[in-house]
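Okay, protein-v8.csv now, which holds CSV, C-alpha atoms:
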chain,number,residue,atom,x,y,z
Y,1,PRO,CA,9.7,79.0,-86.1
Y,2,GLY,CA,8.3,77.7,-82.9
Y,3,THR,CA,4.8,77.4,-84.3
Y,4,CYS,CA,5.3,74.2,-86.3
Y,5,THR,CA,6.5,71.0,-84.9
Y,6,VAL,CA,8.9,68.6,-86.6
Y,7,PRO,CA,7.3,66.1,-89.0
Y,8,SER,CA,7.7,62.4,-88.1
Y,9,VAL,CA,7.2,59.0,-89.6
Y,10,ALA,CA,7.2,57.2,-86.2
Y,11,ASP,CA,4.0,55.3,-87.0
Y,12,TRP,CA,5.0,54.3,-90.6
Y,13,ASP,CA,8.2,55.3,-92.4
Y,14,GLY,CA,7.1,54.4,-95.9
Y,15,GLY,CA,9.2,51.2,-96.1
Y,16,GLY,CA,12.3,53.1,-95.1
Y,17,TRP,CA,11.5,56.2,-97.1
Y,18,GLY,CA,11.4,58.7,-94.2
Y,19,VAL,CA,10.7,62.4,-94.1
Y,20,ASN,CA,11.4,65.1,-96.7
Y,21,ARG,CA,14.1,67.0,-95.0
Y,22,SER,CA,17.2,66.7,-97.2
Y,23,PRO,CA,18.1,69.4,-99.7
Y,24,ASP,CA,17.7,67.0,-102.6
Y,25,ARG,CA,14.0,66.7,-101.7
Y,26,ARG,CA,13.2,70.4,-101.2
Y,27,ASP,CA,10.8,70.4,-104.2
Y,28,HIS,CA,8.9,67.4,-102.8
Y,29,PRO,CA,5.7,67.8,-100.8
Y,30,GLN,CA,6.3,67.9,-97.0
Y,31,ASN,CA,5.3,64.5,-95.6
Y,32,GLY,CA,5.1,63.0,-92.1
Y,33,LEU,CA,2.5,65.6,-91.0
Y,34,THR,CA,-0.2,64.8,-88.4
Y,35,TRP,CA,-3.6,66.5,-88.9
Y,36,GLU,CA,-2.6,68.9,-86.1
Y,37,GLN,CA,0.7,69.8,-87.8
Y,38,ALA,CA,-1.0,70.2,-91.2
Y,39,ARG,CA,-3.6,72.5,-89.6
Y,40,ALA,CA,-1.0,74.6,-87.7
Y,41,TYR,CA,1.2,74.9,-90.8
Y,42,CYS,CA,-1.8,76.2,-93.0
Y,43,ALA,CA,-2.7,78.7,-90.2
Y,44,TRP,CA,0.9,79.9,-90.0
Y,45,THR,CA,0.8,80.6,-93.8
Y,46,GLY,CA,-2.5,82.5,-93.5
Y,47,ALA,CA,-4.4,79.6,-94.9
Y,48,ARG,CA,-6.5,76.7,-93.7
Y,49,LEU,CA,-7.1,73.0,-94.5
Y,50,PRO,CA,-9.9,72.6,-97.1
Y,51,SER,CA,-13.2,71.0,-96.1
Y,52,GLU,CA,-13.7,67.6,-97.6
Y,53,ALA,CA,-16.3,69.0,-99.9
Y,54,GLU,CA,-13.9,71.7,-101.2
Y,55,TRP,CA,-11.2,69.2,-101.8
Y,56,GLU,CA,-13.5,66.9,-103.7
Y,57,TYR,CA,-14.9,69.7,-105.8
Y,58,ALA,CA,-11.4,70.8,-106.7
Y,59,ALA,CA,-10.7,67.1,-107.8
Y,60,LYS,CA,-14.1,66.1,-109.3
Y,61,GLY,CA,-15.5,69.4,-110.6
Y,62,PRO,CA,-19.1,70.0,-111.6
Y,63,VAL,CA,-19.1,66.8,-113.8
Y,64,HIS,CA,-17.8,64.3,-111.2
Y,65,ARG,CA,-14.7,63.0,-112.8
Y,66,VAL,CA,-13.4,59.6,-111.8
Y,67,TYR,CA,-9.9,60.9,-111.4
Y,68,PRO,CA,-8.8,64.5,-111.0
Y,69,TRP,CA,-7.7,64.6,-114.6
Y,70,GLY,CA,-10.9,63.0,-116.0
Y,71,ASP,CA,-12.6,59.7,-116.5
Y,72,THR,CA,-9.7,58.4,-118.6
Y,73,PRO,CA,-7.0,57.5,-119.0
Y,74,ALA,CA,-6.6,55.1,-116.1
Y,75,PRO,CA,-3.5,56.0,-114.1
Y,76,THR,CA,-0.1,54.6,-115.1
Y,77,CYS,CA,3.3,55.8,-114.3
Y,78,ALA,CA,4.1,56.1,-118.0
Y,79,ASN,CA,1.2,58.4,-118.9
Y,80,GLU,CA,2.3,61.0,-116.4
Y,81,THR,CA,-1.0,61.2,-114.4
Y,82,ALA,CA,0.1,60.3,-110.9
Y,83,VAL,CA,2.8,59.2,-108.5
Y,84,PHE,CA,1.6,55.9,-107.0
Y,85,ASP,CA,2.5,52.2,-106.7
Y,86,GLU,CA,1.7,50.7,-110.1
Y,87,ALA,CA,3.6,47.5,-109.5
Y,88,GLY,CA,1.8,46.6,-106.2
Y,89,THR,CA,5.1,46.0,-104.4
Y,90,VAL,CA,7.4,48.1,-102.2
Y,91,ALA,CA,9.7,48.3,-105.2
Y,92,GLY,CA,6.8,50.0,-107.0
Y,93,TYR,CA,6.4,52.8,-104.5
Y,94,GLY,CA,6.5,56.2,-106.2
Y,95,CYS,CA,6.4,54.8,-109.8
Y,96,GLY,CA,9.6,52.8,-108.8
Y,97,THR,CA,11.5,55.6,-107.2
Y,98,GLY,CA,10.5,54.5,-103.7
Y,99,GLY,CA,8.7,57.7,-102.6
Y,100,THR,CA,7.3,61.0,-103.6
Y,101,TRP,CA,8.2,63.1,-106.6
Y,102,PRO,CA,8.7,66.9,-106.8
Y,103,VAL,CA,5.4,68.8,-106.7
Y,104,GLY,CA,3.8,69.0,-110.1
Y,105,SER,CA,5.9,66.4,-111.8
Y,106,LYS,CA,2.9,64.6,-113.3
Y,107,ALA,CA,1.3,67.5,-115.3
Y,108,ALA,CA,-1.1,65.2,-117.2
Y,109,GLY,CA,-2.7,64.5,-113.8
Y,110,ALA,CA,-3.8,68.2,-113.4
Y,111,ALA,CA,-7.4,68.5,-112.2
Y,112,TRP,CA,-10.0,70.6,-114.1
Y,113,SER,CA,-9.3,73.3,-111.5
Y,114,GLY,CA,-5.6,73.3,-112.4
Y,115,ALA,CA,-4.6,71.8,-109.1
Y,116,LEU,CA,-1.7,69.3,-109.4
Y,117,ASP,CA,-1.1,66.1,-107.4
Y,118,LEU,CA,-4.7,65.7,-106.2
Y,119,GLY,CA,-4.3,62.0,-107.2
Y,120,GLY,CA,-1.1,60.4,-105.7
Y,121,ASN,CA,2.2,61.6,-104.3
Y,122,LEU,CA,0.8,62.2,-100.7
Y,123,TRP,CA,-2.5,61.8,-98.9
Y,124,GLU,CA,-3.8,65.3,-98.0
Y,125,TRP,CA,-5.5,66.0,-94.7
Y,126,VAL,CA,-8.8,67.9,-94.8
Y,127,GLU,CA,-10.6,69.6,-91.9
Y,128,ASP,CA,-13.5,67.1,-91.6
Y,129,CYS,CA,-14.0,64.4,-89.1
Y,130,TRP,CA,-14.3,60.9,-90.5
Y,131,HIS,CA,-17.9,59.7,-91.1
Y,132,THR,CA,-18.6,56.5,-93.0
Y,133,ASP,CA,-21.0,58.3,-95.4
Y,134,TYR,CA,-22.3,61.7,-96.1
Y,135,THR,CA,-25.7,61.4,-94.3
Y,136,GLY,CA,-26.1,64.6,-92.3
Y,137,ALA,CA,-23.1,66.4,-93.9
Y,138,PRO,CA,-23.4,70.2,-94.3
Y,139,GLY,CA,-25.0,71.1,-97.6
Y,140,ASP,CA,-22.9,74.3,-98.0
Y,141,GLY,CA,-19.4,72.8,-98.5
Y,142,ALA,CA,-18.4,73.6,-94.9
Y,143,ALA,CA,-16.2,71.1,-93.0
Y,144,TRP,CA,-18.2,68.5,-91.1
Y,145,THR,CA,-16.8,68.8,-87.6
Y,146,GLU,CA,-20.1,68.3,-85.6
Y,147,GLY,CA,-20.0,65.3,-83.5
Y,148,CYS,CA,-16.2,64.8,-83.8
Y,149,THR,CA,-14.6,62.4,-81.4
Y,150,LEU,CA,-11.1,63.2,-82.8
Y,151,SER,CA,-10.7,59.5,-83.3
Y,152,ALA,CA,-10.3,59.9,-87.0
Y,153,ARG,CA,-10.0,62.7,-89.6
Y,154,VAL,CA,-10.3,62.5,-93.4
Y,155,ILE,CA,-7.4,62.2,-95.9
Y,156,ARG,CA,-7.9,62.4,-99.6
Y,157,GLY,CA,-6.0,61.7,-102.8
Y,158,GLY,CA,-3.9,58.6,-102.3
Y,159,ALA,CA,-0.2,58.4,-102.0
Y,160,PHE,CA,3.1,57.1,-103.5
Y,161,HIS,CA,2.5,53.7,-101.9
Y,162,ASN,CA,-1.1,53.2,-102.9
Y,163,GLY,CA,-2.5,51.4,-105.9
Y,164,ALA,CA,-4.6,53.1,-108.6
Y,165,HIS,CA,-7.9,52.5,-106.7
Y,166,ALA,CA,-6.9,55.1,-104.1
Y,167,LEU,CA,-6.4,57.8,-106.8
Y,168,ARG,CA,-10.1,58.0,-107.6
Y,169,SER,CA,-11.5,61.4,-106.8
Y,170,ALA,CA,-14.1,59.9,-104.5
Y,171,TYR,CA,-11.7,57.7,-102.5
Y,172,ARG,CA,-11.1,58.6,-98.9
Y,173,ASN,CA,-9.7,57.3,-95.7
Y,174,GLY,CA,-9.9,58.2,-92.0
Y,175,PRO,CA,-6.7,57.7,-89.9
Y,176,THR,CA,-6.3,59.1,-86.4
Y,177,PRO,CA,-5.3,62.8,-86.4
Y,178,SER,CA,-2.1,62.0,-84.6
Y,179,ALA,CA,-0.9,59.5,-87.2
Y,180,ARG,CA,2.7,60.2,-88.1
Y,181,ASN,CA,3.1,58.6,-91.5
Y,182,ALA,CA,5.4,59.0,-94.5
Y,183,SER,CA,2.3,59.3,-96.8
Y,184,HIS,CA,0.5,62.1,-95.1
Y,185,GLY,CA,0.8,65.8,-96.1
Y,186,ALA,CA,-1.4,68.8,-96.6
Y,187,ARG,CA,-2.8,71.2,-99.1
Y,188,CYS,CA,-3.6,74.6,-97.7
Y,189,LEU,CA,-6.5,76.7,-99.0
Y,190,ARG,CA,-6.3,80.5,-99.1
Y,191,PRO,CA,-9.2,82.8,-100.2
Y,192,LEU,CA,-8.7,84.6,-103.5
Y,193,PRO,CA,-7.6,88.3,-103.0
As structure tokens, please, write out the structure in this file.
Amino acid sequence: PGTCTVPSVADWDGGGWGVNRSPDRRDHPQNGLTWEQARAYCAWTGARLPSEAEWEYAAKGPVHRVYPWGDTPAPTCANETAVFDEAGTVAGYGCGTGGTWPVGSKAAGAAWSGALDLGGNLWEWVEDCWHTDYTGAPGDGAAWTEGCTLSARVIRGGAFHNGAHALRSAYRNGPTPSARNASHGARCLRPLP
């Protein structure tokens, strides 16, 4: 209490979807987080945001899978791989539910690492600054924060309102770190004991 600020969807409310605050959504991922809020929350729990390289390795693995669950099948709502917009319309958001699903609802979409929801549900902030490509990126998996202007940070994974293209393990985006958006959340990384 007092450490974390209130999530907001002031910049984009997800087509009227809003923020996960109601008791009926307590099993859903927390959305509406800015990069700063995601970072503060992870620190409050004794964790941190992953680097982009760590996130991508958790999704792709050593064999570079197209999707976190593998090269096939292509994502569909029926095959239980991801929560996304299969229909390409607002009515299709969240496989027709309008928003996110409870964490881990699409078990067939589990990554090789066992991580759930790396493709779909919510975009996940990582520590890195946005760069258009990986030229000059650290070779040790560390976050690439050198030369940051704070004008953009990286998000990974795609969200409930994106089409299948955004669920690819290599897909990325770079919104401003202060973006308050119904499709932005976090995945915290904690070292093994």
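Taking only C-alpha atoms into account, Asp85 (chain Y) lies nearest to Y:Asn162 out of the set Y:Ser178, Y:Thr45, Y:Asn162, Y:Thr100.
Atom pair CA of Ala143 (chain Y) / CA of His28 (chain Y) has a distance of 27.2 Å (rounded to one decimal).
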Between CA of Gly16 (chain Y) and CA of Ala182 (chain Y), what is the distance in Å, rounded to a tenth? 9.1 Å
Shell around Arg65 (chain Y) at 8 Å using all atoms listed in the file, local window under 6 positions removed, as a PyMOL selection string: chain Y and resi 59+71+169
Now that the selection is made, can you save its residues with C-alpha atoms as a PDB file, in the coordinates of the input?
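Written file, result_28.pdb:
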ATOM      1  CA  ALA Y  59     -10.700  67.100-107.800  1.00  0.00           C
ATOM      2  CA  ASP Y  71     -12.600  59.700-116.500  1.00  0.00           C
ATOM      3  CA  SER Y 169     -11.500  61.400-106.800  1.00  0.00           C
TER       4      SER Y 169
END
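One distance worth recording is that between CA of Arg21 (chain Y) and CA of Leu122 (chain Y), which is 15.2 Å.
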Got a sec: who's within 9 Å of Ala47 (chain Y), counting only C-alpha atoms, leaving out chain neighbours fewer than 6 positions off, as a VMD selection string? chain Y and resid 39 41 188 to 191
Selected residues written out, C-alpha atoms, as a short mmCIF file (atom, residue, chain, number, x, y, z; two decimals), in the frame of the given file:
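Result saved to out_23.cif:
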data_model
loop_
_atom_site.label_atom_id
_atom_site.label_comp_id
_atom_site.auth_asym_id
_atom_site.auth_seq_id
_atom_site.Cartn_x
_atom_site.Cartn_y
_atom_site.Cartn_z
CA ARG Y 39 -3.60 72.50 -89.60
CA TYR Y 41 1.20 74.90 -90.80
CA CYS Y 188 -3.60 74.60 -97.70
CA LEU Y 189 -6.50 76.70 -99.00
CA ARG Y 190 -6.30 80.50 -99.10
CA PRO Y 191 -9.20 82.80 -100.20
#
Can you pull out every residue within 7 Å of Gly185 (chain Y), counting only C-alpha atoms, but drop anything in the same chain fewer than 4 positions away, and send it as a ChimeraX atom specification? /Y:30-33,38,122-125
Y:Trp12, Y:Trp69, Y:Trp144, Y:Tyr57: which is nearest Gly119 (chain Y), counting only C-alpha atoms? Y:Trp69
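With distances taken over all atoms listed in the file, Y:Gly163 is the one residue among Y:Tyr134, Y:Trp35, Y:Val9, Y:Gly163 lying closest to Cys95 (chain Y).
The closest residue to Glu127 (chain Y), picked from Y:Gly147, Y:Gly139, Y:Gly98, Y:Pro50 and counting only C-alpha atoms, is Y:Pro50.
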Residue nearest Gly92 (chain Y) among Y:Gly157, Y:Gly61, Y:Gly141, Y:Gly14 (counting all atoms listed in the file): Y:Gly14
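Using only C-alpha atoms, the shortest contact distance between Ala108 (chain Y) and any of Y:Ala91, Y:Ala40, Y:Ala78, Y:Leu49 is found at Y:Ala78.
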